[in-house]
file query_16.cif (mmCIF, C-alpha atoms)
data_entry
#
loop_
_atom_site.label_atom_id
_atom_site.label_comp_id
_atom_site.auth_asym_id
_atom_site.auth_seq_id
_atom_site.Cartn_x
_atom_site.Cartn_y
_atom_site.Cartn_z
CA MET L 24 -72.36 -144.78 -191.18
CA SER L 25 -75.69 -143.14 -191.96
CA CYS L 26 -75.97 -139.35 -192.29
CA CYS L 27 -79.55 -139.48 -191.00
CA ALA L 28 -79.34 -137.69 -187.67
CA ALA L 29 -82.41 -139.39 -186.19
CA HIS L 30 -81.14 -142.84 -187.17
CA ASN L 31 -77.77 -142.11 -185.56
CA LEU L 32 -79.51 -141.05 -182.34
CA ASN L 33 -81.37 -144.34 -182.29
CA LEU L 34 -78.10 -146.24 -182.85
CA ALA L 35 -76.50 -144.32 -179.99
CA PHE L 36 -79.26 -145.28 -177.58
CA GLU L 37 -79.21 -148.93 -178.67
CA LYS L 38 -75.47 -149.07 -178.05
CA ALA L 39 -75.90 -147.38 -174.67
CA LEU L 40 -78.38 -150.09 -173.63
CA LYS L 41 -75.82 -152.78 -174.42
CA PHE L 42 -73.48 -151.15 -171.92
CA LEU L 43 -76.24 -151.34 -169.30
CA SER L 44 -76.86 -155.09 -169.36
CA ALA L 45 -76.50 -155.28 -165.54
CA ASN L 46 -78.27 -151.98 -164.88
CA LEU L 47 -81.78 -151.52 -163.45
CA VAL L 48 -82.73 -149.43 -166.52
CA PHE L 49 -81.94 -152.35 -168.82
CA GLU L 50 -83.91 -154.75 -166.62
CA MET L 51 -86.86 -152.34 -166.46
CA ILE L 52 -87.00 -152.00 -170.25
CA LYS L 53 -86.68 -155.78 -170.61
CA THR L 54 -89.53 -156.36 -168.16
CA SER L 55 -91.68 -153.76 -169.93
CA LYS L 56 -91.09 -155.43 -173.30
CA GLU L 57 -92.11 -158.81 -171.92
CA MET L 58 -95.21 -157.39 -170.25
CA VAL L 59 -96.38 -155.55 -173.37
CA GLY L 60 -95.67 -158.65 -175.47
CA TYR L 61 -97.79 -160.76 -173.12
CA PHE L 62 -100.72 -158.33 -173.30
CA LYS L 63 -100.50 -158.23 -177.08
CA HIS L 64 -100.39 -161.98 -177.62
CA SER L 65 -102.91 -162.91 -174.93
CA GLY L 66 -105.50 -160.43 -176.21
CA LYS L 67 -105.63 -158.62 -172.86
CA ASN L 68 -104.47 -155.45 -174.61
CA GLN L 69 -108.06 -155.03 -175.80
CA GLU L 70 -109.23 -154.68 -172.20
CA LEU L 71 -107.27 -151.44 -171.83
CA ASN L 72 -108.81 -148.10 -172.74
CA ASN L 73 -105.63 -147.28 -174.65
CA THR L 74 -103.44 -150.10 -175.86
CA LEU L 75 -99.79 -150.59 -174.93
CA LYS L 76 -97.11 -149.79 -177.51
CA GLN L 77 -94.79 -152.59 -178.57
CA ASN L 78 -91.06 -152.29 -179.04
CA VAL L 79 -90.22 -152.19 -182.76
CA ALA L 80 -86.51 -152.16 -183.52
CA THR L 81 -86.90 -150.19 -186.76
CA ARG L 82 -89.07 -147.50 -185.18
CA TRP L 83 -87.32 -144.49 -183.70
CA ASN L 84 -87.98 -143.78 -180.01
CA CYS L 85 -89.73 -147.13 -179.59
CA GLN L 86 -88.46 -147.50 -176.00
CA PHE L 87 -89.93 -144.11 -175.12
CA PHE L 88 -93.37 -145.00 -176.49
CA LEU L 89 -93.28 -148.42 -174.81
CA LEU L 90 -92.38 -147.10 -171.36
CA GLN L 91 -94.74 -144.13 -171.64
CA SER L 92 -97.72 -146.28 -172.61
CA LEU L 93 -97.02 -148.69 -169.74
CA SER L 94 -96.57 -145.86 -167.24
CA TYR L 95 -99.94 -144.30 -168.16
CA ARG L 96 -101.76 -147.65 -167.71
CA LEU L 97 -99.66 -149.25 -164.97
CA ASP L 98 -102.46 -149.50 -162.39
CA HIS L 99 -104.94 -150.87 -164.94
CA VAL L 100 -102.39 -153.43 -166.13
CA LYS L 101 -101.81 -154.60 -162.56
CA SER L 102 -105.56 -154.87 -162.00
CA ILE L 103 -105.98 -157.07 -165.10
CA LEU L 104 -103.09 -159.30 -164.03
CA ALA L 105 -104.61 -159.69 -160.55
CA ASP L 106 -108.07 -160.54 -161.94
CA SER L 107 -106.58 -163.16 -164.29
CA LYS L 108 -104.47 -164.56 -161.42
CA GLN L 109 -101.19 -163.93 -163.20
CA PHE L 110 -99.43 -163.44 -159.89
CA ASP L 111 -95.93 -164.17 -161.20
CA LYS L 112 -96.24 -161.43 -163.80
CA LEU L 113 -97.86 -159.13 -161.26
CA GLU L 114 -94.91 -159.62 -158.92
CA GLN L 115 -92.52 -158.97 -161.78
CA LEU L 116 -94.31 -155.71 -162.56
CA ASN L 117 -94.41 -154.67 -158.91
CA ASN L 118 -90.62 -154.81 -158.88
CA VAL L 119 -90.49 -151.96 -161.42
CA ASN L 120 -89.37 -148.79 -159.69
CA LYS L 121 -91.94 -146.07 -160.48
CA LYS L 122 -89.47 -143.28 -159.78
CA LEU L 123 -86.90 -144.82 -162.11
CA LEU L 124 -89.58 -145.37 -164.76
CA HIS L 125 -90.58 -141.70 -164.57
CA ASP L 126 -86.94 -140.51 -164.75
CA VAL L 127 -86.14 -142.66 -167.78
CA ILE L 128 -89.28 -141.51 -169.61
CA GLU L 129 -88.39 -137.89 -168.90
CA PHE L 130 -84.86 -138.51 -170.17
CA LEU L 131 -86.08 -140.18 -173.36
CA HIS L 132 -88.72 -137.50 -173.98
CA THR L 133 -85.98 -135.07 -174.97
CA PHE L 134 -84.75 -137.45 -177.67
CA TYR L 135 -88.28 -137.85 -178.97
CA LYS L 136 -88.65 -134.06 -179.30
CA VAL L 137 -85.26 -133.82 -181.00
CA THR L 138 -86.20 -136.53 -183.49
CA VAL L 139 -89.47 -134.78 -184.34
CA GLN L 140 -87.68 -131.48 -184.82
CA LEU L 141 -85.01 -132.94 -187.09
CA SER L 142 -87.62 -134.84 -189.14
CA HIS L 143 -89.56 -131.80 -190.37
CA ASP L 144 -89.55 -131.64 -194.15
CA ASN L 145 -91.22 -128.23 -194.59
CA VAL L 146 -88.75 -126.18 -192.53
CA PRO L 147 -84.91 -126.17 -192.66
CA ALA L 148 -83.66 -128.85 -190.26
CA SER L 149 -79.98 -129.26 -191.18
CA PRO L 150 -78.88 -126.18 -189.15
CA ASP L 151 -80.24 -127.85 -186.00
CA VAL L 152 -78.15 -131.02 -186.32
CA TRP L 153 -75.06 -129.54 -184.67
CA PRO L 154 -76.85 -127.60 -181.87
CA VAL L 155 -78.79 -130.77 -181.04
CA LEU L 156 -75.50 -132.42 -180.08
CA PHE L 157 -74.79 -129.70 -177.51
CA CYS L 158 -78.39 -129.88 -176.28
CA LEU L 159 -78.17 -133.65 -175.73
CA ARG L 160 -74.83 -133.30 -173.98
CA SER L 161 -76.42 -130.86 -171.54
CA VAL L 162 -79.28 -133.32 -170.95
CA CYS L 163 -76.71 -136.00 -170.11
CA LYS L 164 -75.13 -133.91 -167.34
CA ILE L 165 -75.34 -135.60 -163.97
CA ASN L 166 -77.70 -134.00 -161.43
CA GLY L 167 -77.48 -134.40 -157.70
CA SER L 168 -80.94 -135.99 -157.60
CA ASP L 169 -80.08 -138.67 -160.20
CA SER L 170 -80.06 -142.26 -159.03
CA ASP L 171 -77.08 -144.49 -159.80
CA SER L 172 -79.04 -146.16 -162.60
CA VAL L 173 -79.86 -142.84 -164.28
CA ARG L 174 -76.24 -141.72 -163.89
CA ASP L 175 -75.07 -144.89 -165.65
CA LEU L 176 -77.66 -144.36 -168.40
CA LYS L 177 -76.52 -140.79 -169.02
CA ALA L 178 -72.84 -141.75 -169.03
CA ALA L 179 -73.40 -144.66 -171.42
CA PHE L 180 -75.50 -142.58 -173.79
CA LEU L 181 -73.03 -139.69 -173.79
CA SER L 182 -70.23 -142.08 -174.71
CA SER L 183 -72.17 -143.67 -177.58
CA LEU L 184 -73.51 -140.28 -178.71
CA ASN L 185 -70.02 -138.96 -179.34
CA GLU L 186 -69.30 -142.04 -181.45
CA LYS L 187 -72.53 -142.50 -183.40
CA TYR L 188 -73.88 -138.97 -183.90
CA ILE L 189 -72.14 -137.64 -187.00
CA ILE L 190 -71.64 -133.94 -187.65
CA HIS L 191 -70.89 -133.37 -191.33
CA PRO L 192 -68.96 -130.20 -192.31
CA LEU L 193 -72.04 -129.03 -194.22
CA HIS L 194 -74.04 -129.21 -190.99
CA LYS L 195 -71.52 -126.83 -189.44
CA LEU L 196 -71.73 -124.46 -192.40
CA SER L 197 -75.53 -124.53 -192.53
CA ILE L 198 -75.78 -123.32 -188.96
CA LEU L 199 -74.09 -120.06 -189.98
CA ILE L 200 -76.89 -119.43 -192.47
CA VAL L 201 -79.45 -119.14 -189.66
CA PRO L 202 -79.33 -115.54 -188.34
CA SER L 203 -80.08 -116.54 -184.75
CA TYR L 204 -77.14 -118.97 -184.75
CA LYS L 205 -74.58 -116.89 -186.66
CA TYR L 206 -72.33 -115.89 -183.73
CA LEU L 207 -71.75 -119.56 -182.81
CA SER L 208 -71.35 -118.68 -179.15
CA PHE L 209 -71.94 -122.27 -178.00
CA VAL L 210 -69.00 -123.84 -179.91
CA ASN L 211 -65.30 -123.68 -179.12
CA THR L 212 -62.94 -121.25 -180.82
CA GLU L 213 -61.48 -123.88 -183.15
CA ASP L 214 -64.85 -124.91 -184.55
CA ARG L 215 -66.01 -121.30 -184.79
CA ASN L 216 -62.91 -120.31 -186.79
CA PHE L 217 -63.35 -123.35 -189.03
CA VAL L 218 -66.93 -122.37 -189.91
CA TYR L 219 -66.08 -118.73 -190.58
CA LEU L 220 -63.01 -119.59 -192.69
CA GLU L 221 -64.89 -122.21 -194.72
CA MET L 222 -67.79 -119.86 -195.39
CA ARG L 223 -65.43 -117.03 -196.31
CA SER L 224 -63.56 -119.36 -198.67
CA MET L 225 -66.80 -120.58 -200.24
CA VAL L 226 -68.01 -117.03 -200.87
CA ASP L 227 -64.64 -116.03 -202.35
CA LYS L 228 -64.58 -119.05 -204.68
CA ILE L 229 -68.03 -118.27 -206.05
CA ILE L 230 -67.17 -114.63 -206.59
CA SER L 231 -63.75 -115.32 -208.14
CA SER L 232 -65.18 -117.83 -210.60
CA SER L 233 -67.97 -115.40 -211.58
CA LEU L 234 -70.64 -117.83 -210.38
CA ASN L 235 -72.27 -114.97 -208.55
CA GLN L 236 -73.48 -113.79 -211.97
CA VAL L 237 -76.09 -116.55 -211.98
CA ILE L 238 -78.21 -114.72 -209.43
CA ARG L 239 -78.64 -111.74 -211.76
CA LYS L 240 -81.56 -111.59 -214.11
CA ASP L 241 -79.40 -111.24 -217.25
CA SER L 242 -77.19 -114.27 -216.48
CA GLY L 243 -76.77 -117.30 -218.71
CA ASN L 244 -78.83 -120.46 -218.29
CA THR L 245 -76.70 -122.64 -216.00
CA ASP L 246 -77.77 -125.30 -213.53
CA ILE L 247 -77.24 -122.98 -210.56
CA ASP L 248 -79.07 -120.20 -212.40
CA SER L 249 -82.01 -122.48 -213.01
CA PHE L 250 -82.08 -123.30 -209.32
CA SER L 251 -82.00 -119.61 -208.42
CA GLU L 252 -84.75 -118.66 -210.87
CA CYS L 253 -86.90 -121.55 -209.75
CA SER L 254 -86.67 -120.48 -206.13
CA HIS L 255 -88.03 -117.04 -207.05
CA SER L 256 -90.51 -117.74 -209.82
CA GLU L 257 -92.27 -120.87 -208.58
CA GLN L 258 -94.60 -120.58 -205.66
CA LEU L 259 -94.93 -124.11 -204.34
CA PRO L 260 -98.11 -124.92 -202.43
CA PRO L 261 -97.70 -125.23 -198.67
CA SER L 262 -97.34 -128.69 -197.23
CA LYS L 263 -100.47 -130.01 -195.58
CA LYS L 264 -98.57 -132.24 -193.16
CA ASN L 265 -95.89 -132.05 -190.52
CA GLN L 266 -96.24 -128.40 -189.56
CA ALA L 267 -93.50 -127.19 -187.23
CA ASP L 268 -94.45 -127.09 -183.58
CA PRO L 269 -93.13 -123.88 -181.97
CA GLU L 270 -92.91 -125.66 -178.60
CA LEU L 271 -90.24 -127.98 -179.95
CA TYR L 272 -88.01 -125.10 -180.97
CA ASP L 273 -87.74 -124.01 -177.33
CA LEU L 274 -85.41 -126.97 -176.98
CA LEU L 275 -82.65 -125.04 -178.75
CA ALA L 276 -83.58 -121.54 -177.62
CA ASP L 277 -80.50 -121.23 -175.40
CA PHE L 278 -78.24 -121.75 -178.40
CA LYS L 279 -79.82 -119.06 -180.57
CA THR L 280 -80.47 -115.49 -179.54
CA ALA L 281 -78.38 -115.64 -176.35
CA ALA L 282 -75.19 -114.71 -178.15
CA THR L 283 -72.57 -111.99 -178.16
CA PRO L 284 -71.58 -110.24 -181.42
CA LEU L 285 -68.03 -110.69 -182.63
CA SER L 286 -65.66 -107.83 -182.05
CA ASN L 287 -64.38 -105.83 -185.00
CA ALA L 288 -60.95 -107.33 -184.39
CA ASN L 289 -62.26 -110.68 -185.61
CA ARG L 290 -63.43 -109.23 -188.93
CA ASN L 291 -60.97 -108.92 -191.76
CA ASP L 292 -62.92 -106.80 -194.20
CA THR L 293 -66.25 -105.09 -193.64
CA LYS L 294 -66.85 -105.23 -197.41
CA HIS L 295 -66.87 -109.01 -197.42
CA GLU L 296 -70.37 -110.50 -197.54
CA LEU L 297 -69.73 -112.63 -194.47
CA ASP L 298 -68.70 -109.57 -192.46
CA LYS L 299 -71.73 -107.63 -193.68
CA TYR L 300 -73.92 -110.53 -192.60
CA LEU L 301 -72.28 -110.76 -189.15
CA ALA L 302 -72.64 -106.99 -188.72
CA LEU L 303 -76.43 -107.18 -189.12
CA PRO L 304 -78.46 -107.11 -185.87
CA LEU L 305 -79.15 -110.49 -184.33
CA THR L 306 -82.65 -111.68 -185.18
CA ALA L 307 -84.76 -114.80 -184.67
CA CYS L 308 -86.54 -114.48 -188.03
CA ASP L 309 -87.26 -117.34 -190.41
CA PRO L 310 -83.98 -118.06 -192.29
CA LEU L 311 -85.83 -118.71 -195.55
CA GLN L 312 -87.55 -115.32 -195.38
CA PHE L 313 -84.31 -113.64 -194.31
CA TRP L 314 -82.36 -114.85 -197.35
CA LYS L 315 -85.26 -114.12 -199.66
CA ASP L 316 -85.22 -110.51 -198.42
CA ASN L 317 -81.41 -110.25 -198.73
CA ASP L 318 -81.04 -111.98 -202.09
CA CYS L 319 -80.24 -109.01 -204.29
CA GLU L 320 -77.16 -107.49 -205.89
CA HIS L 321 -76.71 -104.78 -203.26
CA LYS L 322 -77.12 -107.00 -200.17
CA LEU L 323 -75.87 -110.59 -199.76
CA PRO L 324 -76.39 -112.32 -203.11
CA THR L 325 -73.60 -114.90 -202.85
CA MET L 326 -74.42 -115.96 -199.32
CA ALA L 327 -78.10 -116.11 -200.26
CA LEU L 328 -77.21 -118.55 -203.03
CA ILE L 329 -75.17 -120.64 -200.60
CA GLY L 330 -77.96 -120.41 -198.04
CA ARG L 331 -80.54 -121.86 -200.42
CA LYS L 332 -78.25 -124.80 -201.08
CA LEU L 333 -77.40 -125.51 -197.45
CA LEU L 334 -80.91 -125.03 -196.06
CA ALA L 335 -82.23 -127.57 -198.56
CA ILE L 336 -80.13 -130.37 -197.04
CA PRO L 337 -82.40 -132.73 -195.06
CA ALA L 338 -81.32 -133.65 -191.54
CA THR L 339 -82.94 -137.08 -191.66
CA SER L 340 -84.18 -139.59 -194.23
CA THR L 341 -87.76 -139.16 -192.99
CA ALA L 342 -89.02 -137.27 -196.04
CA SER L 343 -87.73 -139.83 -198.55
CA GLU L 344 -89.01 -142.72 -196.43
CA ARG L 345 -92.46 -141.12 -196.36
CA VAL L 346 -92.40 -140.95 -200.16
CA PHE L 347 -91.45 -144.63 -200.39
CA SER L 348 -94.31 -145.49 -198.04
CA VAL L 349 -96.80 -143.52 -200.12
CA CYS L 350 -95.46 -145.19 -203.28
CA GLY L 351 -95.99 -148.59 -201.68
CA VAL L 352 -99.62 -147.73 -200.98
CA THR L 353 -100.22 -146.14 -204.40
CA VAL L 354 -98.70 -148.94 -206.49
CA SER L 355 -100.98 -151.82 -205.53
CA GLU L 356 -101.83 -155.08 -207.30
CA CYS L 357 -104.68 -153.31 -209.05
CA ARG L 358 -102.45 -150.42 -210.16
CA ALA L 359 -99.24 -152.25 -210.99
CA ARG L 360 -98.93 -150.79 -214.50
CA LEU L 361 -98.57 -147.13 -213.55
CA ASN L 362 -95.79 -145.51 -215.51
CA PRO L 363 -93.15 -143.48 -213.59
CA GLU L 364 -94.47 -140.10 -214.79
CA THR L 365 -98.02 -140.83 -213.62
CA LEU L 366 -96.77 -142.14 -210.28
CA GLU L 367 -94.65 -139.03 -209.77
CA ARG L 368 -97.67 -136.79 -210.41
CA LEU L 369 -99.85 -138.81 -208.05
CA ILE L 370 -97.25 -138.49 -205.28
CA PHE L 371 -96.97 -134.76 -205.92
CA LEU L 372 -100.74 -134.36 -205.65
CA LYS L 373 -100.79 -136.45 -202.48
CA TYR L 374 -98.41 -134.06 -200.72
CA ASN L 375 -99.61 -130.76 -202.17
CA MET L 376 -103.40 -130.85 -202.26
#
call {"tool": "encode", "arguments": {"input": "query_16.cif", "output": "structure tokens"}}
result
Amino acid sequence: MSCCAAHNLNLAFEKALKFLSANLVFEMIKTSKEMVGYFKHSGKNQELNNTLKQNVATRWNCQFFLLQSLSYRLDHVKSILADSKQFDKLEQLNNVNKKLLHDVIEFLHTFYKVTVQLSHDNVPASPDVWPVLFCLRSVCKINGSDSDSVRDLKAAFLSSLNEKYIIHPLHKLSILIVPSYKYLSFVNTEDRNFVYLEMRSMVDKIISSSLNQVIRKDSGNTDIDSFSECSHSEQLPPSKKNQADPELYDLLADFKTAATPLSNANRNDTKHELDKYLALPLTACDPLQFWKDNDCEHKLPTMALIGRKLLAIPATSTASERVFSVCGVTVSECRARLNPETLERLIFLKYNM
């Protein structure tokens, strides 16, 4: 099973559609695919101001883009079919329920926003993997205004989501590193205790084995020390692509600052770094800036070291796939003899200039 969160979401939706083979949602998507395929192959797609989007199995959220593009141009599509006397296809399209089409697009729009948020490669995304699961579960709750078809869609997706969407233990630990998530108010007691105990154990292991010495300036040259020094000394240029959209982060706002601090009874030792961290006021600041400010001997050095490791974990494979795509464009028939070092530098310049 893949650890790419966006890929697992796509697998969950594909499995949900298989459960809906006799559902109006399945028939609507099938009809939309056929209609878009006809417009593409007949050349009538060129008559539209904005072309229809085809279903591509390897492209995330392809059903959302397909239905959205058809919804925006539905009247124009019907007009073209009527002018070309394609009455059978026109009748087929007239059978599509506009209300159902709108509801399904609205439902899928959330998954598109989630995928975009998890695919950012210039902001920490791994802490959002676990909250996204709770967000999607809330989206799948049945509303009184939902039609039977939408109810079946939500139930099928919720079932496949619980099976396909993987939450790795490191995803659970990384969420604690984000100050606005640290009270874990949206998870059950068992999961909350697991995260706190695992983080406490991780901090204790680093301290007991003297690995916390690597964050001091006079420490020896170890791999972790090199990582720590690099994070402070090198100022990497900002990425020119994929800037985070603040509007997308509203999706998880309910899981962040709306939390209640833990009582003192749940804290074993106020001298422990984890307890010091939990005792700090709740804030919605950038986690990278927070741990940069608190990475010193007299604050939270061990947790800052752990934080840099956990926040560097990608939530999806998007970043690596982008690099492979750029490599495919860079290494052409005319540049097939590039050595690995030159190629690496070219890719670096591509992303940082």
call {"tool": "resolve_selection", "arguments": {"input": "query_16.cif", "expression": "the PyMOL selection byres ((chain L and resi 87-94) around 7)", "output": "NGL selection string"}}
result
:L and (55 or 75-78 or 84-86 or 95-97 or 128 or 131-132)
call {"tool": "resolve_selection", "arguments": {"input": "query_16.cif", "expression": "the PyMOL selection byres ((chain L and resi 26-37) around 9)", "output": "PyMOL selection string"}}
result
chain L and resi 24-25+38-41+82-84+134+137-139+141-142+152+179-191+337-341
call {"tool": "atom_distance", "arguments": {"input": "query_16.cif", "atom1": "CA of Asn375 (chain L)", "atom2": "CA of Ser149 (chain L)"}}
result
22.5 Å
call {"tool": "atom_distance", "arguments": {"input": "query_16.cif", "atom1": "CA of Leu196 (chain L)", "atom2": "CA of Val218 (chain L)"}}
result
5.8 Å
call {"tool": "atom_distance", "arguments": {"input": "query_16.cif", "atom1": "CA of Asp98 (chain L)", "atom2": "CA of Tyr61 (chain L)"}}
result
16.2 Å
call {"tool": "residues_around", "arguments": {"input": "query_16.cif", "residues": "Tyr219 (chain L)", "least_positions_apart": "5", "cutoff": "9 Å", "atoms": "all atoms listed in the file", "output": "VMD selection string"}}
result
chain L and resid 196 199 214 224 297
call {"tool": "residues_near_point", "arguments": {"input": "query_16.cif", "point": "(-86.4, -117.4, -191.5)", "cutoff": "10 Å", "atoms": "all atoms listed in the file", "output": "list in words"}}
result
Val146, Pro147, Ile200, Val201, Pro202, Ser203, Thr306, Ala307, Cys308, Asp309, Pro310, Leu311, Gln312, Phe313, Trp314, Lys315 and Asp316 of chain L
call {"tool": "resolve_selection", "arguments": {"input": "query_16.cif", "expression": "the PyMOL selection byres ((chain L and resi 123) around 12)", "output": "list in words"}}
result
Asn46, Leu47, Val48, Phe49, Glu50, Met51, Ile52, Leu90, Ser94, Asn118, Val119, Asn120, Lys121, Lys122, Leu124, His125, Asp126, Val127, Ile128, Glu129, Phe130, Ser168, Asp169, Ser170, Asp171, Ser172, Val173, Arg174 and Leu176 of chain L
call {"tool": "closest_residue", "arguments": {"input": "query_16.cif", "among": "L:Arg358, L:His99, L:Arg160, L:His295", "to": "Val226 (chain L)", "atoms": "only C-alpha atoms"}}
result
L:His295
call {"tool": "residues_around", "arguments": {"input": "query_16.cif", "residues": "Leu159 (chain L)", "least_positions_apart": "4", "cutoff": "8 Å", "atoms": "all atoms listed in the file", "output": "MDAnalysis selection string"}}
result
chainID L and resid 133:134 155 163
